[in-house]
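As structure tokens, the structure follows; a few thoughts come after it.
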Amino acid sequence: MVKKQSGIVNYPLHSSVKDEPVLIINGRLIDPVNNRDGIYHILIEDGKIKSVSDSIPALSSSIRTIDAKNKWIIPGLMDMHVHLREPGREDKETIATGTQAAAAGGFTSVACMPNTTPALDEESKIRYVIQHGEDCPCKIYPIGAITKGLEGEEIAPMGEMVKAGARAVSDDGKSVAKSNVMRNALNYSKSFNIPVICHCEEAALSQKGHMNEGVVSTRLGIRGIPTIAEEIAVARDLLLAEYTGARVHIAHVSTAGSVRLVRDAKSRGVKVTAETCPHYFTLIDQDVGPYDTNKKMNPPLRTAADREAIIAGLIDGTIDVIASDHAPHVSEEKDVEFDAAAFGVVGLETSVGIVLTYLVDKGFISASDMVEKMSVEPNRIMGLSGGTLSCGAAADVTIIDPQANWIVKPEYFFSKSRNTAFNGFSLKGYAWMTILDGRVVFERNECC
Amino acid sequence: MGLHIQHLLGLEGVSREDITLILDTADSFYEVLQREIKVVPTLRGKTIVNLFYENSTRTRISFELAEKRLSASPLNFSASTSSVNKGETLRDTIQNIEAMKIDMVVVRHFSAGVPFFLTKCTDAVIINAGDGLHEHPTQALLDMMTIRQKLGKLEGLKVAIIGDVFHSRVARSNAWGMSTMGMNVVLCGPPTLLPQHRESIGVPVTDNLEEALDGADVIMPLRLQLERQASGAFPTIREYRDRYGLDLDKLSSLSKRDVLIMHPGPINRGIELASDVADGPNSVILEQVTNGVAVRMAVLYLLGGGENG
């Protein structure tokens, strides 16, 4: 058990412990895959969904019963873009702490990026992550590298990585600069039916930049990262996907132009999905001033017009997925001059609250859309069976309290790092309980 | 009456009253500098650290002289002779220096925002002596002091700042400070050396030199960093000189004959500014340097707890 002021995480998990049945009653069940949205009662047995019914089943009174009145019962959430930092930078995060943060944020699965030290670019390293995730309170699906050492030169052995458990490939952190290498990678990936996750950045345009290029960067005297640095790379990867017929997933879309490019490509039938992160539909470059390194990430916070386009893309389905790009950093990498600060923010423990407050509560998307973008779609894109509460499915369940008012306090995080862009934000709604394979892995303290 | 600001981090957002008070105070220190004994006791006992992470000749000497003439004790710290090379963080450096009981910090750094960052690390008064591409407020103040001295006013005058505007903290500080004082600033340079978003700085921006110079009371060519040519911002020095360099031909074509020629220094003679213009009757470049000491005395004095008058 790991206790924090915000709640309790069940870690390490002991698979030998016999799972007791759990009955969740009176909650609003939202399960878009089964077209369910209403009050249902769910019985979990042996780690699986045993029954979903509109009347409370008659059972012995000793069964653990969770009253989810006024709460939402949804398929366990998945964050398909996180950095767990292990192996290599265990001072920032470990698989253990990152998955605790995930459980506390309402996630029952995460996909972790391969830009560790060493990079996850071969079978043994994929196995390492999977083995270290075994007694963690959240399922881990590693993403293998596109190129060996993330160097952009030679494609990594996707076949053996997939065999070991990788569910996608990515050189996240940078684009595969050479178009011929990317073309080969896309072609090669087709044999494994995995998505190639594209970090889109034309380095020649973004190098030396530390925030969005625009009015604010000029005023602050910070070298800029122009929107076109992202969009040129998005356009190229979409063209390569169209030409090769491979499946691509555009990571962390931050600009209006990228949304437009993805929308156009989808209308032409290109096999593309896209994701954005909570900070891109809440914050803009003006929020950086004066020199707040906890608002520094890559791609950077853009303008109000870009934020509007991101929200429009979420509404019309151009953007399929919301992922956090959880990027933990130690304080000494952030408590420095702006140019010297590391890029990235943590997100696992704030995503749900931000999405509920800034998208659902404002009426931009429905609760069901949220489940699609944070559970159904990530599972579908990665070829996983999660994202539903069908009978017989693994009992990965998130219970949301949509009414709870809370304030983001980094000192309560289960993550090792504190570099949130949302410090002090007042949010409405959080994950109240997280259930993994039928076991309660996180319970919120009501006070926080 | 003192300043509203506690630190001088930049001129963006600094009030007209504050700028006027600094300029008026600088004028009185200018008088002191004309005396035989150029030292006043106003900051006796104050220790001022000159924290320079970037090479600088005149700004550093100017600050040091200003400190000495106010009877303060300067302490010089430059990046090449400190533990910076051993990888100490800026916070640790400033807190170690502060632990030695200092009162004010004059900082120059290659990263924008460092003076602001230091205000979060220390209680000492921070004065920005140039931070990255951001601001160089005392340069703009000495420019305004010089213009007021020569032309008797600031309000309504047109100033053309010519050259590498994008990379210039001098251009930014002047654009903001001079606008506050009711001056009309126009920024001019090749499109590759202007901000991509031309509305960014809040004053007119043009790549047309003639337009910029038309009716100007003050012309200020900026130093051209020659490495910008290698990075592709302009094709050749010759073409730059031809299009944006200020020479006697361009000067004599102007309607106003008493236009002031200023330069933040150091000059690339024969590139942004021809020698006969730099050394000619319209040039006030050396007066700028003299006034720099007076303006820095004023800033140190006003922020260092001295009382006006």
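Naming works like this for the structure tokens: A, B, ... for the chains as they're shown, residue 1 at the start of each chain, ligands 1 onward in shown order.
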Counting only C-alpha atoms, a student should be able to say which residues of chain A come within 9 Å of chain B; what is the right answer, written as JSON, numbers by chain? {"A": [213, 214, 215, 216, 217, 218, 219, 220, 221, 222, 223, 290, 291, 332, 335, 336, 337, 338, 339, 340]}
Would you save the residues of that selection, restricted to C-alpha atoms, as a CSV table (one decimal), in the first residue's frame?
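New file selection_29.csv:
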chain,number,residue,atom,x,y,z
A,213,GLU,CA,7.4,31.3,-32.2
A,214,GLY,CA,5.0,34.2,-32.1
A,215,VAL,CA,4.3,37.5,-30.5
A,216,VAL,CA,5.0,36.2,-27.0
A,217,SER,CA,8.4,34.6,-27.8
A,218,THR,CA,9.5,37.8,-29.5
A,219,ARG,CA,8.5,39.9,-26.5
A,220,LEU,CA,10.2,37.5,-24.1
A,221,GLY,CA,13.3,37.2,-26.3
A,222,ILE,CA,13.0,33.5,-26.4
A,223,ARG,CA,13.9,31.8,-29.7
A,290,PRO,CA,7.1,35.4,-17.3
A,291,TYR,CA,9.4,32.4,-18.1
A,332,GLU,CA,16.9,20.8,-10.9
A,335,ASP,CA,14.4,25.4,-11.6
A,336,VAL,CA,16.8,27.0,-14.0
A,337,GLU,CA,16.9,29.7,-16.7
A,338,PHE,CA,14.2,29.1,-19.3
A,339,ASP,CA,16.5,28.2,-22.2
A,340,ALA,CA,18.3,25.6,-20.0
What are the DSSP helix (DSSP H, G or I) residues of segment 227-423 of chain A, as number ranges by chain? A: 227-244, 256-267, 278-281, 285-288, 293-295, 304-316, 331-333, 338-340, 351-360, 367-381, 410-412
Would you list, as a list in words, the residues of segment 108-153 of chain A that end up in strand (DSSP E) under DSSP run on this structure's backbone? Thr108, Ser109, Val110, Ala111, Cys112, Lys139, Ile140, Tyr141 and Pro142 of chain A
Keeping C-alpha atoms, export the residues of the selection given above as a compact mmCIF listing (two decimals), in the first residue's frame.
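Once written, out-v6.txt looks like this:
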# COMPACT_ATOMS: atom_id res chain seq x y z
CA THR A 108 -5.61 0.98 -16.00
CA SER A 109 -3.15 0.90 -18.87
CA VAL A 110 -0.38 3.04 -20.27
CA ALA A 111 1.84 2.81 -23.31
CA CYS A 112 5.37 3.96 -22.57
CA LYS A 139 -0.89 -2.46 -17.29
CA ILE A 140 2.08 -1.39 -19.37
CA TYR A 141 2.33 -1.70 -23.11
CA PRO A 142 5.80 -0.70 -24.27
Shortest contact to Thr65 of chain A, candidates A:Gly105, A:Pro21, A:Gly88, A:Gly424, atoms counted only C-alpha atoms, goes to A:Pro21
Give me, as a count of residues only, all polymer residues having an atom no more than 9 Å from Gly133 of chain A, counting only C-alpha atoms and skipping those fewer than 4 positions away in the same chain. 9
